[in-house]
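Text of the file run04.txt, holding compact mmCIF, C-alpha atoms:
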# COMPACT_ATOMS: atom_id res chain seq x y z
CA MET A 5 18.53 -42.64 12.35
CA GLY A 6 19.64 -40.25 15.10
CA ILE A 7 21.08 -43.14 17.12
CA LEU A 8 23.02 -44.33 14.11
CA LYS A 9 24.35 -40.80 13.56
CA ASN A 10 25.48 -40.56 17.18
CA LEU A 11 27.12 -43.93 16.93
CA LEU A 12 28.85 -42.85 13.76
CA ASN A 13 30.13 -39.62 15.34
CA HIS A 14 31.14 -41.50 18.48
CA ASN A 15 33.21 -43.96 16.49
CA ILE A 16 34.85 -41.21 14.46
CA ASN A 17 35.74 -39.29 17.61
CA LYS A 18 37.28 -42.30 19.25
CA ASP A 19 39.78 -42.68 16.42
CA SER A 20 39.43 -46.38 16.91
CA VAL A 21 37.20 -46.80 13.95
CA ASN A 22 37.63 -49.65 11.64
CA GLU A 23 37.33 -48.58 7.97
CA LYS A 24 34.89 -51.38 7.14
CA GLU A 25 32.66 -50.61 10.15
CA LEU A 26 32.53 -46.95 9.20
CA ASP A 27 31.61 -47.86 5.65
CA ASP A 28 28.85 -50.19 6.91
CA PHE A 29 27.46 -47.47 9.13
CA LYS A 30 27.43 -44.99 6.26
CA LYS A 31 25.64 -47.46 3.98
CA ALA A 32 23.08 -48.30 6.68
CA ASN A 33 22.55 -44.60 7.31
CA GLU A 34 21.95 -43.91 3.63
CA LYS A 35 19.53 -46.85 3.39
CA LEU A 36 17.56 -45.53 6.35
CA ARG A 37 17.46 -42.07 4.79
CA GLN A 38 16.06 -43.52 1.57
CA LEU A 39 13.48 -45.60 3.44
CA ASP A 40 12.42 -42.52 5.38
CA LYS A 41 11.99 -40.58 2.13
CA THR A 42 9.97 -43.44 0.60
CA LYS A 43 7.73 -43.43 3.68
CA SER A 44 7.19 -39.66 3.46
CA ASP A 45 6.50 -39.85 -0.30
CA PHE A 46 4.01 -42.67 0.24
CA ILE A 47 2.16 -40.79 3.00
CA SER A 48 2.04 -37.70 0.83
CA LEU A 49 0.76 -39.57 -2.25
CA ALA A 50 -1.84 -41.58 -0.29
CA SER A 51 -3.09 -38.45 1.47
CA HIS A 52 -3.45 -36.55 -1.81
CA GLN A 53 -5.39 -39.44 -3.34
CA LEU A 54 -7.73 -39.47 -0.34
CA ARG A 55 -8.54 -35.78 -0.66
CA THR A 56 -10.77 -35.99 -3.74
CA PRO A 57 -13.20 -38.65 -2.44
CA LEU A 58 -13.30 -36.92 0.96
CA THR A 59 -14.10 -33.62 -0.80
CA ALA A 60 -16.90 -35.37 -2.72
CA ILE A 61 -18.43 -36.85 0.47
CA LYS A 62 -18.22 -33.47 2.19
CA GLY A 63 -19.89 -31.73 -0.76
CA TYR A 64 -22.76 -34.20 -1.21
CA VAL A 65 -23.53 -34.56 2.52
CA SER A 66 -23.48 -30.81 3.08
CA MET A 67 -25.94 -30.37 0.20
CA MET A 68 -28.22 -33.04 1.66
CA VAL A 69 -28.15 -31.36 5.09
CA ASP A 70 -28.85 -27.99 3.42
CA GLY A 71 -31.95 -29.49 1.76
CA ASP A 72 -30.64 -29.36 -1.82
CA PHE A 73 -32.02 -32.86 -2.49
CA GLY A 74 -35.37 -32.36 -0.78
CA GLU A 75 -36.46 -32.45 2.84
CA PHE A 76 -35.30 -35.24 5.17
CA ASN A 77 -36.81 -36.12 8.53
CA ASN A 78 -34.96 -35.16 11.73
CA GLN A 79 -33.51 -38.64 12.23
CA ALA A 80 -32.06 -38.69 8.72
CA ILE A 81 -30.63 -35.19 9.20
CA SER A 82 -29.02 -36.30 12.46
CA VAL A 83 -27.45 -39.31 10.70
CA LEU A 84 -26.21 -37.11 7.85
CA LYS A 85 -24.62 -34.76 10.34
CA ARG A 86 -22.83 -37.72 11.89
CA VAL A 87 -21.53 -38.76 8.47
CA TYR A 88 -20.34 -35.17 7.91
CA SER A 89 -18.67 -35.14 11.31
CA ALA A 90 -16.90 -38.48 10.68
CA ASN A 91 -15.74 -37.24 7.28
CA GLU A 92 -14.35 -34.08 8.90
CA LYS A 93 -12.31 -36.25 11.27
CA LEU A 94 -10.89 -38.15 8.29
CA ILE A 95 -10.07 -34.87 6.58
CA GLN A 96 -8.26 -33.68 9.69
CA LEU A 97 -6.32 -36.97 9.83
CA VAL A 98 -5.28 -36.60 6.19
CA GLU A 99 -4.25 -32.98 6.81
CA ASN A 100 -2.15 -34.04 9.80
CA LEU A 101 -0.48 -36.84 7.83
CA LEU A 102 0.27 -34.47 4.96
CA ASN A 103 1.67 -31.86 7.32
CA VAL A 104 3.89 -34.42 9.08
CA SER A 105 5.16 -35.62 5.71
CA ARG A 106 5.85 -32.02 4.61
CA ILE A 107 7.50 -31.07 7.91
CA GLU A 108 9.81 -34.09 7.75
CA SER A 109 10.74 -33.58 4.13
CA GLY A 110 11.22 -29.83 4.55
CA ARG A 111 8.42 -29.10 2.07
CA LEU A 112 6.00 -27.27 4.33
CA TYR A 113 5.08 -23.99 2.67
CA PHE A 114 3.12 -21.11 4.10
CA ASN A 115 0.78 -18.50 2.75
CA PHE A 116 0.90 -15.71 5.31
CA GLN A 117 -1.73 -13.01 5.05
CA ASP A 118 -3.43 -10.49 7.32
CA SER A 119 -6.33 -12.39 8.85
CA LYS A 120 -9.17 -12.14 11.34
CA ILE A 121 -8.42 -15.01 13.69
CA GLU A 122 -11.80 -14.61 15.38
CA GLU A 123 -13.54 -15.66 12.16
CA ILE A 124 -11.32 -18.72 11.91
CA VAL A 125 -12.14 -19.66 15.51
CA LYS A 126 -15.88 -19.18 14.97
CA ASN A 127 -15.81 -21.28 11.78
CA ALA A 128 -13.93 -24.06 13.58
CA ILE A 129 -16.44 -24.02 16.45
CA ASN A 130 -19.27 -24.15 13.95
CA GLU A 131 -17.75 -27.15 12.18
CA LEU A 132 -17.17 -29.03 15.44
CA SER A 133 -20.38 -28.12 17.26
CA HIS A 134 -22.10 -31.32 16.12
CA SER A 135 -19.31 -33.52 17.52
CA ALA A 136 -19.73 -31.74 20.88
CA GLU A 137 -23.52 -32.06 20.77
CA GLU A 138 -23.23 -35.81 20.17
CA LYS A 139 -21.48 -36.10 23.55
CA ASN A 140 -23.82 -33.62 25.24
CA LEU A 141 -20.95 -31.20 25.73
CA ARG A 142 -21.39 -27.46 25.66
CA LEU A 143 -18.95 -25.69 23.34
CA ILE A 144 -18.70 -22.09 24.50
CA TYR A 145 -16.85 -19.21 22.84
CA LYS A 146 -15.55 -16.36 25.02
CA LYS A 147 -14.01 -13.23 23.58
CA LEU A 148 -12.02 -11.76 26.46
CA ASN A 149 -11.14 -8.46 24.79
CA LYS A 150 -13.42 -6.17 22.79
CA ILE A 151 -11.05 -6.04 19.86
CA ILE A 152 -9.00 -8.95 18.59
CA PRO A 153 -6.44 -7.46 16.18
CA ILE A 154 -5.74 -8.65 12.67
CA ILE A 155 -2.65 -10.86 12.55
CA ASN A 156 -0.37 -12.12 9.81
CA ILE A 157 -0.88 -15.89 9.63
CA ASP A 158 -1.45 -18.82 7.30
CA GLU A 159 -5.20 -19.24 7.84
CA GLU A 160 -5.46 -22.91 6.86
CA LYS A 161 -2.54 -23.89 9.09
CA ILE A 162 -3.90 -22.02 12.11
CA LYS A 163 -7.37 -23.46 11.50
CA ASN A 164 -5.74 -26.90 11.47
CA VAL A 165 -4.23 -26.18 14.92
CA ILE A 166 -7.49 -24.81 16.33
CA ILE A 167 -9.44 -27.84 15.08
CA ASN A 168 -6.82 -30.21 16.51
CA LEU A 169 -7.06 -28.58 19.94
CA ILE A 170 -10.87 -28.40 20.06
CA ASN A 171 -11.16 -31.96 18.72
CA ASN A 172 -8.86 -33.18 21.49
CA ALA A 173 -10.94 -31.41 24.12
CA ILE A 174 -14.10 -33.08 22.78
CA LYS A 175 -12.35 -36.45 22.62
CA TYR A 176 -11.11 -36.42 26.22
CA THR A 177 -14.15 -34.83 27.86
CA THR A 178 -17.10 -36.98 28.83
CA ARG A 179 -19.29 -34.34 30.47
CA GLY A 180 -19.45 -30.65 31.16
CA SER A 181 -18.25 -27.92 28.86
CA ILE A 182 -15.44 -26.81 26.65
CA ILE A 183 -14.53 -23.13 26.65
CA VAL A 184 -12.78 -21.65 23.66
CA SER A 185 -11.36 -18.20 24.35
CA LEU A 186 -9.50 -15.46 22.53
CA LYS A 187 -7.73 -12.51 24.05
CA ALA A 188 -5.06 -10.03 23.06
CA ASN A 189 -2.44 -7.78 24.57
CA LYS A 190 -0.11 -5.36 22.82
CA GLU A 191 2.14 -8.11 21.55
CA ASN A 192 0.15 -11.31 21.15
CA VAL A 193 -3.19 -12.87 20.45
CA GLU A 194 -3.85 -15.77 22.79
CA PHE A 195 -6.13 -18.69 21.99
CA CYS A 196 -7.13 -21.25 24.64
CA VAL A 197 -9.31 -24.34 24.81
CA SER A 198 -10.22 -25.36 28.37
CA ASP A 199 -12.16 -28.50 29.16
CA SER A 200 -13.62 -30.28 32.16
CA GLY A 201 -12.19 -33.57 30.93
CA LEU A 202 -9.70 -36.15 32.13
CA GLY A 203 -6.80 -33.80 32.70
CA ILE A 204 -3.12 -34.60 32.28
CA ARG A 205 -0.73 -36.17 34.76
CA HIS A 206 2.25 -33.99 35.64
CA GLU A 207 4.71 -36.62 34.39
CA ASP A 208 3.00 -36.76 30.98
CA MET A 209 3.30 -33.03 30.29
CA PRO A 210 6.76 -33.12 28.63
CA LYS A 211 5.66 -35.85 26.18
CA LEU A 212 2.43 -34.19 25.06
CA PHE A 213 3.67 -32.44 21.93
CA LYS A 214 5.84 -35.29 20.74
CA LYS A 215 4.94 -37.39 17.71
CA PHE A 216 2.62 -40.38 18.33
CA SER A 217 2.07 -39.34 21.93
CA ARG A 218 -1.61 -39.96 22.60
CA GLY A 219 -4.03 -40.46 25.45
CA LEU A 220 -1.21 -40.27 27.98
CA GLY A 221 -2.25 -41.60 31.36
CA MET A 222 -5.68 -42.32 29.96
CA SER A 223 -5.35 -45.91 28.87
CA LEU A 224 -8.68 -46.78 30.46
CA VAL A 225 -10.40 -44.41 28.11
CA ASP A 226 -11.25 -45.68 24.66
CA THR A 227 -10.23 -42.86 22.34
CA GLU A 228 -9.36 -42.70 18.71
CA GLY A 229 -6.40 -40.80 17.32
CA THR A 230 -2.94 -41.00 15.90
CA GLY A 231 -0.98 -38.82 18.29
CA LEU A 232 -0.06 -36.50 15.45
CA GLY A 233 -2.37 -33.57 16.19
CA LEU A 234 -0.36 -31.92 18.97
CA TYR A 235 2.95 -32.59 17.23
CA VAL A 236 1.71 -30.94 14.03
CA SER A 237 0.18 -28.09 16.04
CA ARG A 238 3.49 -27.41 17.80
CA MET A 239 5.38 -27.33 14.50
CA LEU A 240 2.81 -25.01 12.87
CA ILE A 241 2.72 -22.57 15.80
CA LYS A 242 6.52 -22.58 15.93
CA SER A 243 6.57 -21.61 12.25
CA HIS A 244 4.40 -18.61 13.13
CA LYS A 245 6.90 -17.54 15.83
CA GLY A 246 4.27 -18.32 18.44
CA LYS A 247 4.17 -20.46 21.57
CA ILE A 248 1.97 -23.43 22.43
CA TRP A 249 1.54 -25.07 25.81
CA ALA A 250 -0.75 -27.16 28.01
CA GLU A 251 -1.91 -26.65 31.57
CA SER A 252 -3.63 -29.08 33.93
CA LYS A 253 -4.00 -29.45 37.66
CA GLY A 254 -3.60 -33.19 37.17
CA SER A 255 -5.57 -36.25 36.23
CA GLY A 256 -9.31 -35.71 36.61
CA HIS A 257 -9.08 -31.92 36.78
CA GLY A 258 -9.51 -30.90 33.16
CA SER A 259 -6.92 -29.20 31.02
CA SER A 260 -6.21 -26.13 28.90
CA PHE A 261 -4.31 -25.97 25.64
CA CYS A 262 -3.24 -22.51 24.55
CA PHE A 263 -1.15 -20.80 21.92
CA THR A 264 -0.03 -17.27 21.28
CA LEU A 265 0.67 -15.62 17.93
CA PRO A 266 2.62 -12.38 17.60
CA ILE A 267 0.66 -9.36 16.35
CA LYS A 268 3.33 -7.23 14.73
CA LYS A 269 5.65 -9.76 13.19
CA LYS A 270 5.34 -10.26 9.48
CA ILE A 271 6.75 -13.59 8.49
CA LYS A 272 8.09 -14.20 5.03
CA ASN A 273 6.28 -16.79 2.94
CA LYS A 274 8.44 -19.80 2.32
CA MET B 6 -30.03 -11.64 -15.05
CA PHE B 7 -28.40 -14.99 -14.31
CA LYS B 8 -24.65 -14.84 -13.85
CA LYS B 9 -22.49 -17.14 -15.90
CA ILE B 10 -19.80 -19.18 -14.21
CA LEU B 11 -16.97 -21.02 -15.89
CA LEU B 12 -15.79 -24.04 -13.92
CA ILE B 13 -12.43 -25.37 -15.12
CA GLU B 14 -12.12 -28.77 -13.47
CA ASN B 15 -11.38 -32.33 -14.51
CA GLU B 16 -12.46 -34.46 -11.51
CA GLU B 17 -15.89 -35.89 -12.36
CA GLU B 18 -17.17 -36.00 -8.79
CA ILE B 19 -16.12 -32.44 -8.10
CA ILE B 20 -17.78 -31.31 -11.35
CA ASN B 21 -21.03 -33.11 -10.45
CA ILE B 22 -21.25 -31.60 -6.97
CA TYR B 23 -20.31 -28.06 -7.85
CA LYS B 24 -22.26 -27.88 -11.09
CA LEU B 25 -25.34 -28.95 -9.16
CA GLY B 26 -24.66 -26.66 -6.21
CA LEU B 27 -24.03 -23.61 -8.39
CA LYS B 28 -27.06 -24.26 -10.62
CA ARG B 29 -29.28 -24.59 -7.56
CA ALA B 30 -27.96 -21.24 -6.36
CA GLY B 31 -29.17 -19.70 -9.62
CA PHE B 32 -26.01 -19.55 -11.71
CA ILE B 33 -25.52 -20.71 -15.27
CA VAL B 34 -22.56 -23.07 -15.21
CA GLU B 35 -20.31 -24.17 -18.02
CA VAL B 36 -17.61 -26.75 -17.40
CA ILE B 37 -14.41 -27.31 -19.28
CA LYS B 38 -12.10 -30.14 -18.48
CA ASN B 39 -8.80 -29.03 -19.91
CA GLY B 40 -6.66 -25.98 -20.07
CA ILE B 41 -6.62 -25.44 -23.80
CA TRP B 42 -9.76 -23.36 -23.42
CA GLY B 43 -7.96 -21.28 -20.83
CA LEU B 44 -5.79 -19.95 -23.62
CA ARG B 45 -8.73 -18.61 -25.62
CA PRO B 46 -9.83 -15.38 -23.95
CA GLU B 47 -12.34 -14.61 -26.73
CA LYS B 48 -14.48 -17.48 -25.42
CA ILE B 49 -13.87 -16.73 -21.76
CA LYS B 50 -14.95 -13.08 -21.90
CA GLN B 51 -18.67 -14.00 -21.73
CA PHE B 52 -18.35 -15.29 -18.13
CA ASP B 53 -18.89 -13.33 -14.93
CA ILE B 54 -16.59 -15.43 -12.80
CA ILE B 55 -14.01 -18.18 -13.34
CA ILE B 56 -13.37 -21.05 -10.93
CA MET B 57 -10.25 -22.92 -11.83
CA ASP B 58 -8.43 -26.01 -10.62
CA MET B 59 -4.65 -25.77 -10.86
CA THR B 60 -4.06 -29.30 -12.06
CA ILE B 61 -5.95 -29.30 -15.33
CA PRO B 62 -4.67 -31.35 -18.27
CA ALA B 63 -3.06 -29.91 -21.40
CA VAL B 64 -1.98 -26.54 -20.02
CA ASP B 65 -0.75 -25.74 -16.55
CA GLY B 66 -2.94 -23.59 -14.36
CA HIS B 67 -0.37 -20.86 -13.84
CA SER B 68 -0.01 -20.21 -17.57
CA SER B 69 -3.79 -19.97 -17.91
CA ILE B 70 -4.06 -17.44 -15.08
CA LYS B 71 -1.30 -15.37 -16.62
CA ILE B 72 -2.97 -15.32 -20.02
CA LEU B 73 -6.42 -14.49 -18.63
CA LYS B 74 -5.08 -11.73 -16.42
CA ILE B 75 -3.01 -10.11 -19.15
CA ASN B 76 -5.72 -10.14 -21.82
CA LYS B 77 -7.80 -6.94 -22.01
CA THR B 78 -11.10 -8.78 -22.48
CA THR B 79 -10.72 -11.16 -19.52
CA LYS B 80 -8.51 -9.49 -16.95
CA HIS B 81 -11.49 -7.90 -15.14
CA ILE B 82 -13.25 -11.27 -14.59
CA PRO B 83 -12.86 -12.48 -10.98
CA LEU B 84 -10.86 -15.68 -10.88
CA ILE B 85 -11.03 -18.11 -7.99
CA VAL B 86 -8.32 -20.75 -7.77
CA PHE B 87 -9.99 -23.96 -6.56
CA PHE B 88 -7.46 -26.61 -5.74
CA ASN B 89 -6.78 -29.66 -3.65
CA SER B 90 -3.55 -31.36 -4.48
CA ALA B 91 -1.36 -28.38 -5.30
CA GLN B 92 1.31 -27.29 -2.88
CA GLU B 93 0.82 -24.07 -0.97
CA ASP B 94 3.52 -22.31 -2.94
CA ASP B 95 1.26 -22.77 -5.97
CA ILE B 96 -1.30 -20.50 -4.29
CA LYS B 97 1.26 -17.81 -3.73
CA ARG B 98 2.26 -18.00 -7.38
CA ALA B 99 -1.37 -18.00 -8.53
CA ILE B 100 -2.14 -14.88 -6.48
CA SER B 101 1.00 -13.15 -7.75
CA LEU B 102 -0.13 -13.87 -11.31
CA GLY B 103 -3.44 -12.14 -10.65
CA ALA B 104 -5.87 -14.74 -9.23
CA ASP B 105 -8.42 -12.92 -7.06
CA ALA B 106 -8.99 -15.61 -4.44
CA TYR B 107 -8.30 -19.22 -3.64
CA LEU B 108 -10.29 -21.94 -1.97
CA ILE B 109 -9.06 -25.35 -0.91
CA LYS B 110 -11.55 -27.95 -2.12
CA ILE B 111 -11.32 -30.17 0.94
CA HIS B 112 -12.29 -27.24 3.18
CA THR B 113 -15.08 -26.01 0.91
CA THR B 114 -18.72 -26.92 0.37
CA PRO B 115 -21.00 -25.75 -2.47
CA ALA B 116 -22.69 -23.35 -0.03
CA LYS B 117 -19.32 -21.87 0.93
CA LEU B 118 -18.33 -21.42 -2.72
CA VAL B 119 -21.66 -19.73 -3.53
CA LYS B 120 -21.15 -17.35 -0.60
CA LYS B 121 -17.67 -16.48 -1.85
CA ILE B 122 -18.89 -15.92 -5.43
CA ASN B 123 -21.74 -13.66 -4.30
CA LYS B 124 -19.36 -11.67 -2.12
CA MET B 125 -16.97 -11.18 -5.02
CA LEU B 126 -19.73 -10.25 -7.48
CA ASN B 127 -21.28 -7.80 -5.00
CA SER B 128 -17.95 -6.14 -4.26
CA ARG B 129 -17.51 -5.55 -8.00
CA LYS B 130 -20.85 -3.70 -8.12
CA GLU B 131 -19.76 -1.23 -5.41
If you convert what's in this file into structure tokens, what do you get?
Amino acid sequence: MGILKNLLNHNINKDSVNEKELDDFKKANEKLRQLDKTKSDFISLASHQLRTPLTAIKGYVSMMVDGDFGEFNNQAISVLKRVYSANEKLIQLVENLLNVSRIESGRLYFNFQDSKIEEIVKNAINELSHSAEEKNLRLIYKKLNKIIPIINIDEEKIKNVIINLINNAIKYTTRGSIIVSLKANKENVEFCVSDSGLGIRHEDMPKLFKKFSRGLGMSLVDTEGTGLGLYVSRMLIKSHKGKIWAESKGSGHGSSFCFTLPIKKKIKNK
Amino acid sequence: MFKKILLIENEEEIINIYKLGLKRAGFIVEVIKNGIWGLRPEKIKQFDIIIMDMTIPAVDGHSSIKILKINKTTKHIPLIVFFNSAQEDDIKRAISLGADAYLIKIHTTPAKLVKKINKMLNSRKE
């Protein structure tokens, strides 16, 4: 659609535009806009419809793991935890799809409130610890300052970002550990996930946070994913007036994904 | 004494899970599947906590919150908005109308809901 718009502007500027051509471009542009809206509406509807059965699976499996339906042997518990973990990945995928659809249609709303980000981080680690254990990875939390201040954020959106980043670290790390850290200075709280995984090639860095950019430079590695996680994360952090970035010494040297969120800024709910 | 919970929800699977989870945690649970009840505070006043979906048939969730939080006999009862498909601006509106908390179904488990309920009931005792 952007190309068509440029072409349209280009033709207008050149003053050499043929009336019929201009009309055709406008019609094609409108058709594309409508198709784009239909796509966003479909994604939104499908994602909403998926939420109820995913909620049901999550509820039942968590009750089974908690022993609400009697005791299971260790093997059964391990299988149930895998089902829970797989369901969580589906939930995250649905959340990402919904967020992309909302971002693109301008219907992404926020519920900013004063929050303890440390609790959100700990909950996310807790939810993802089984996925790390399955790959024999150590998931370590490091609090680098004694006090992490309360910040004004949309908790669900920031949890979505944190889960995206930790999930990525688990996905692209085959051995070693993943360190999740939190620190604060006078102005910002900084969250980082550092892994001992595949790392990122220098030339792939600029593409990382773009939509559908996945497993860059890692085609030999069989990984799942849609390439939406980092794109959604960038948009959500941007909406919080924060910054998100990646660091890596290159392929094979692990990587770090970090974001900062401002402490003092209160952002209006939209 | 067992605490009484009113679950206003119309999705069968969600009702099954949460009714079971809450009963196992020692609560007495009553379920209603449409919002007409939400407009009758004289029946609601017997409950210790209300858990309410925002997309219930017959009456919209926001109107129900407003009525329950204006009425003298029900306004003190903690009300948790429990939703999945509503937009985030619905939460903001629900809180501004007097809802005491909200939980997103897809990020909640029965154990998490029980923890939240106990926290809210305990904070009322203090």
Counting all atoms listed in the file, what is within 10 Å of Val125 of chain A, bar same-chain residues fewer than 3 positions away, as a PyMOL selection string? chain A and resi 120-122+128-131+145+162-163+166-167+170+184-186+195
Distance limit 7 Å, atoms considered: only C-alpha atoms. Which chain A residues sit that close to chain B? Return them as a list in words.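 Selected residues: His52, Arg55, Thr59, Ala60, Lys62, Gly63, Tyr64, Ser66, Tyr113, Phe114 and Asn115 of chain A.
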What are the closest atom pairs, with distances in Å to one decimal, for all residues of segment 79-121 of chain B lying within 9 Å of segment 58-70 of chain B? Consider all atoms listed in the file, order rows by chain and residue number, and present the result as a Markdown table.
| residue | atom | partner | partner_atom | distance |
| --- | --- | --- | --- | --- |
| B:Leu84 | CA | B:Ile70 | CA | 8.2 |
| B:Ile85 | CA | B:Asp58 | CA | 8.7 |
| B:Val86 | CA | B:Asp58 | CA | 6.0 |
| B:Phe87 | CA | B:Asp58 | CA | 4.8 |
| B:Phe88 | CA | B:Asp58 | CA | 5.0 |
| B:Asn89 | CA | B:Asp58 | CA | 8.0 |
| B:Ser90 | CA | B:Thr60 | CA | 7.9 |
| B:Ala91 | CA | B:Met59 | CA | 7.0 |
| B:Asp95 | CA | B:Met59 | CA | 8.2 |
| B:Arg98 | CA | B:His67 | CA | 7.5 |
| B:Ala99 | CA | B:His67 | CA | 6.1 |
| B:Leu102 | CA | B:Ile70 | CA | 6.5 |
| B:Gly103 | CA | B:Ile70 | CA | 6.9 |
| B:Ala104 | CA | B:Ile70 | CA | 6.7 |
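Counting from atom CA of Ser44 of chain A, the distance to atom CA of Ile100 of chain B is 28.3 Å.
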Could you state the separation of atom CA of Met239 of chain A and atom CA of Asn156 of chain A in Å, given to one decimal place?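 Pair atom CA of Met239 of chain A / atom CA of Asn156 of chain A returns 16.9 Å.
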One decimal, in Å: what's the spacing between atom CA of Asn15 of chain B and atom CA of Leu118 of chain B? 17.5 Å
Close residues, Leu240 of chain A itself excluded, 8 Å, only C-alpha atoms, min 3 positions apart in chain, as a PyMOL selection string: chain A and resi 161-162+165+236-237+243-244
Scan for residues within 9 Å of the point (-26.4, -22.8, -14.8) in the coordinates of the file, using all atoms listed in the file, and reply as a JSON list (two decimals) with C-alpha atoms, in the coordinates of the input.
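Below is the file that was written, selection_18.json:
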[["chain", "number", "residue", "atom", "x", "y", "z"],
["B", 7, "PHE", "CA", -28.40, -14.99, -14.31],
["B", 8, "LYS", "CA", -24.65, -14.84, -13.85],
["B", 9, "LYS", "CA", -22.49, -17.14, -15.90],
["B", 10, "ILE", "CA", -19.80, -19.18, -14.21],
["B", 24, "LYS", "CA", -22.26, -27.88, -11.09],
["B", 25, "LEU", "CA", -25.34, -28.95, -9.16],
["B", 27, "LEU", "CA", -24.03, -23.61, -8.39],
["B", 28, "LYS", "CA", -27.06, -24.26, -10.62],
["B", 29, "ARG", "CA", -29.28, -24.59, -7.56],
["B", 30, "ALA", "CA", -27.96, -21.24, -6.36],
["B", 31, "GLY", "CA", -29.17, -19.70, -9.62],
["B", 32, "PHE", "CA", -26.01, -19.55, -11.71],
["B", 33, "ILE", "CA", -25.52, -20.71, -15.27],
["B", 34, "VAL", "CA", -22.56, -23.07, -15.21],
["B", 35, "GLU", "CA", -20.31, -24.17, -18.02]]
For Glu92 of chain A, please output as number ranges by chain all residues within 9 Å (counting only C-alpha atoms; exclusion window: fewer than 2 positions along the same chain). A: 58, 62, 87-90, 94-97, 131-132
Local residues around (1.0, -9.9, 21.0), at most 8 Å away, using only C-alpha atoms, as an MDAnalysis selection string: chainID A and resid 188:194 264:268
Export segment 45-59 of chain B of the preceding structure, keeping N, CA and C atoms, as an mmCIF file, in the first residue's frame.
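Output contents, as saved in decode08.cif:
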data_model
loop_
_atom_site.group_PDB
_atom_site.id
_atom_site.type_symbol
_atom_site.label_atom_id
_atom_site.label_comp_id
_atom_site.auth_asym_id
_atom_site.auth_seq_id
_atom_site.Cartn_x
_atom_site.Cartn_y
_atom_site.Cartn_z
ATOM 1 N N ARG B 45 -30.946 -6.802 40.075
ATOM 2 C CA ARG B 45 -31.784 -7.039 41.263
ATOM 3 C C ARG B 45 -30.924 -7.118 42.527
ATOM 4 N N PRO B 46 -30.522 -5.974 43.032
ATOM 5 C CA PRO B 46 -29.619 -5.953 44.185
ATOM 6 C C PRO B 46 -30.154 -6.702 45.404
ATOM 7 N N GLU B 47 -31.477 -6.779 45.551
ATOM 8 C CA GLU B 47 -32.021 -7.477 46.737
ATOM 9 C C GLU B 47 -31.612 -8.954 46.766
ATOM 10 N N LYS B 48 -31.338 -9.516 45.594
ATOM 11 C CA LYS B 48 -30.886 -10.922 45.566
ATOM 12 C C LYS B 48 -29.365 -11.013 45.668
ATOM 13 N N ILE B 49 -28.710 -9.972 45.234
ATOM 14 C CA ILE B 49 -27.238 -9.975 45.206
ATOM 15 C C ILE B 49 -26.653 -9.747 46.602
ATOM 16 N N LYS B 50 -27.384 -9.057 47.460
ATOM 17 C CA LYS B 50 -26.809 -8.607 48.737
ATOM 18 C C LYS B 50 -26.331 -9.743 49.640
ATOM 19 N N GLN B 51 -26.797 -10.980 49.395
ATOM 20 C CA GLN B 51 -26.394 -12.126 50.222
ATOM 21 C C GLN B 51 -24.963 -12.606 49.932
ATOM 22 N N PHE B 52 -24.346 -12.129 48.830
ATOM 23 C CA PHE B 52 -23.027 -12.647 48.440
ATOM 24 C C PHE B 52 -21.872 -11.847 49.056
ATOM 25 N N ASP B 53 -20.750 -12.543 49.229
ATOM 26 C CA ASP B 53 -19.569 -11.888 49.795
ATOM 27 C C ASP B 53 -18.669 -11.312 48.718
ATOM 28 N N ILE B 54 -18.780 -11.845 47.516
ATOM 29 C CA ILE B 54 -17.956 -11.334 46.420
ATOM 30 C C ILE B 54 -18.655 -11.636 45.086
ATOM 31 N N ILE B 55 -18.472 -10.755 44.125
ATOM 32 C CA ILE B 55 -19.091 -10.957 42.806
ATOM 33 C C ILE B 55 -17.985 -11.046 41.758
ATOM 34 N N ILE B 56 -18.090 -12.068 40.906
ATOM 35 C CA ILE B 56 -17.139 -12.201 39.790
ATOM 36 C C ILE B 56 -17.967 -12.103 38.516
ATOM 37 N N MET B 57 -17.649 -11.121 37.700
ATOM 38 C CA MET B 57 -18.563 -10.857 36.592
ATOM 39 C C MET B 57 -17.880 -10.707 35.234
ATOM 40 N N ASP B 58 -18.379 -11.461 34.268
ATOM 41 C CA ASP B 58 -17.942 -11.292 32.889
ATOM 42 C C ASP B 58 -18.605 -10.017 32.344
ATOM 43 N N MET B 59 -17.956 -9.402 31.379
ATOM 44 C CA MET B 59 -18.516 -8.145 30.846
ATOM 45 C C MET B 59 -19.419 -8.366 29.647
#
